[in-house]
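S.K.: Following this message is one structure expressed as C-alpha cells.
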Amino acid sequence: MSASAFSAPIANVPEWSVTELATALKRTLEDAFGHVRLKGEISGYRGPHGSGHAYFSLKDGGAKIDAVIWKGTMLRLRHKPKEGLEVVVTGRITTYPGKSAYQIVVDSLEPAGAGAWMALLEERRRLLAAEGLFDAARKRPVPYLPTVVGVVTSPTGAVIRDILHRLADRFPRPVLVWPVRVQGEGAAEEIAAAIHGFNALEPGGAIPRPDVLIVARGGGSIEDLWCFNEENVVRAAAASAIPLISAVGHETDVTLIDHAADRRAPTPTGAAEMAVPVLHELLADLDSLSRRHAGALSRLVDQRRGELRGLTRALPGPEALLAQKRQRLDLAEARLAPALAANARDAQARLNRALQGLARNPP
C-alpha cells in the first residue's frame, strides 16, 4: 500500500488558523457554561495591579482554575479577595487565547462557610481594634432620661414594634425612626448614613436631635448580619457624638458594631430598656423619697425642740433675772424721798435769801 493512500483522508480535514481555533474554543466554552458559581480557596493572589485588576487561582483538592477580577468589579466588592480565603465566586468562564488557557472572570465574591466569615471578621476586628475604635475610654454614658430617642432599623418587622412597645411601657418618649435596610447590598451604606444623619441634626432645630441612638436588627446568620461588620458602619458608630446602643441579632450574636457602640444590648427590647427608666418605678421612688424627707424634717424638729428644752433648763428663771433689778429699784426709791426733801429745802433757803436781798435793796 502506497503512502498516498494514507495521506488522502488527511487532506480532506479543514484547515484552521490559530486565531480561528482559539475563537471557536472560546465561543464554545462560553456558550456551554456561561455564568457559574465556584467554591474554592484563593491561591497565588496578585493584585490589585496598577491597572486595578486582580489575579489569582481558585483551587480545591483536585484542581485549580485561574481567576481575574476587573477593576470596576474590584471597587464594588464588599469582600476583597485574600490569600488562603475560602470563597464562593460567581462569574463567566472564558478563555485567554494568548496563553491557551481558560479562566473565570469574577462578578461577585463572598466568603464560603461560617469558618471563612469568622476568619474575615476576626481580621477586621483586629485591625479596627488596633486603631483604638473599641477602647473603653471612647465610650460615652447613656443619658438617664433622654428627651428624644433615635432608632436606626428597618421600618417593617417585629424589631421596631418591640422597641416602640417597650419604650411606651417603660417611659413614653418621642421616637425618631431612620428607616434603613438591615441586610443585603447597600445596607451598610444606609446604616452608616443614618448614624451620620442623626449626628448632623442641630440641637434645637426643626427636627429634634436625639439624646441616644439605638441601632437594631433581629437575629440571623453571620451572612445576614454582615452589614453590621462593615468598616463604614463601625467607624460611624465609633464617631457618633450621640451615645449609641447596638442591638443586633440575639444575645449570642456578636458584630463589630457591638464593640464600637457605647452600650451593647442583648436584644432590641433590651436596648429600649437601657434607653429609658421605668416611669412607675420613678414615681414610686419619688413617693418614697418624699416620705423619707417628711420623716427626716419631723425628726429634726423634735430634736431641735428637745435641745431647746435642755437649754431653757440650764438658764435662770425670770424671777431670778429680775430680783436684783427690783432690789436696785427699791434702794433707789428709798434714797429718792430724802434727796427730794433736801433739794426742796435748799431751794427754799436760796429763795429766802433772794427775797431778803430785794427787801434791803428795792429796785
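By convention in this document, the chains of the C-alpha cells carry letters A, B, ... by their order, each chain's residues are numbered from 1, and ligands are numbered from 1 in the order they are shown.
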List every residue of range 236-300 of chain A that DSSP, applied to the backbone of this structure, assigns to strand (DSSP E), and report them as a list in words.
M.R.: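 Matching residues, listed in order: Leu244, Ile245, Ser246, Ala247, Val248, Arg263 and Arg264 of chain A.
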S.K.: Mind checking which residues fall within 8 Å of Ala247 in chain A, counting only C-alpha atoms, ignoring those fewer than 5 positions away in the same chain, and posting them as a list in words?
M.R.: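 Answer for this query is Ile214, Val215, Ala216, Arg217, Asp258, Arg264, Ala265, Pro266, Thr267, Pro268, Gly270 and Ala271 of chain A.
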S.K.: Could you write out the selected residues, including C-alpha atoms, as a compact mmCIF listing (two decimals), in the first residue's frame?
M.R.:
# COMPACT_ATOMS: atom_id res chain seq x y z
CA ILE A 214 -30.47 52.56 69.01
CA VAL A 215 -29.16 50.56 66.02
CA ALA A 216 -31.17 47.36 65.89
CA ARG A 217 -31.86 44.22 63.86
CA ASP A 258 -21.18 45.97 69.28
CA ARG A 264 -24.47 46.63 73.73
CA ALA A 265 -27.94 45.24 74.31
CA PRO A 266 -28.66 41.50 74.00
CA THR A 267 -31.89 42.19 72.09
CA PRO A 268 -33.76 45.18 70.62
CA GLY A 270 -33.13 45.17 75.89
CA ALA A 271 -31.90 48.28 74.08
S.K.: Separation of CA of Asp107 in chain A and CA of Leu25 in chain A, in Å?
M.R.: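 For CA of Asp107 in chain A relative to CA of Leu25 in chain A, the distance reads 21.9 Å.
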S.K.: Once you count only C-alpha atoms, what closest atom pair and distance in Å to one decimal does each residue of range 133-241 of chain A within 12 Å of range 64-81 of chain A have, with rows by chain and rising residue number, as a Markdown table?
M.R.:
| residue | atom | partner | partner_atom | distance |
| --- | --- | --- | --- | --- |
| A:Gly184 | CA | A:Arg78 | CA | 10.5 |
| A:Glu185 | CA | A:Arg78 | CA | 8.7 |
| A:Gly186 | CA | A:Arg78 | CA | 9.7 |
| A:Ala187 | CA | A:Arg78 | CA | 11.2 |
| A:Ala188 | CA | A:Arg78 | CA | 9.8 |
| A:Glu189 | CA | A:Arg78 | CA | 11.0 |
| A:Glu223 | CA | A:His79 | CA | 11.7 |
| A:Trp226 | CA | A:Arg78 | CA | 10.0 |
| A:Cys227 | CA | A:Arg78 | CA | 9.4 |
| A:Asn229 | CA | A:Arg78 | CA | 10.9 |
| A:Glu230 | CA | A:Arg78 | CA | 8.3 |
| A:Glu231 | CA | A:Arg78 | CA | 10.0 |
| A:Asn232 | CA | A:Arg78 | CA | 11.1 |
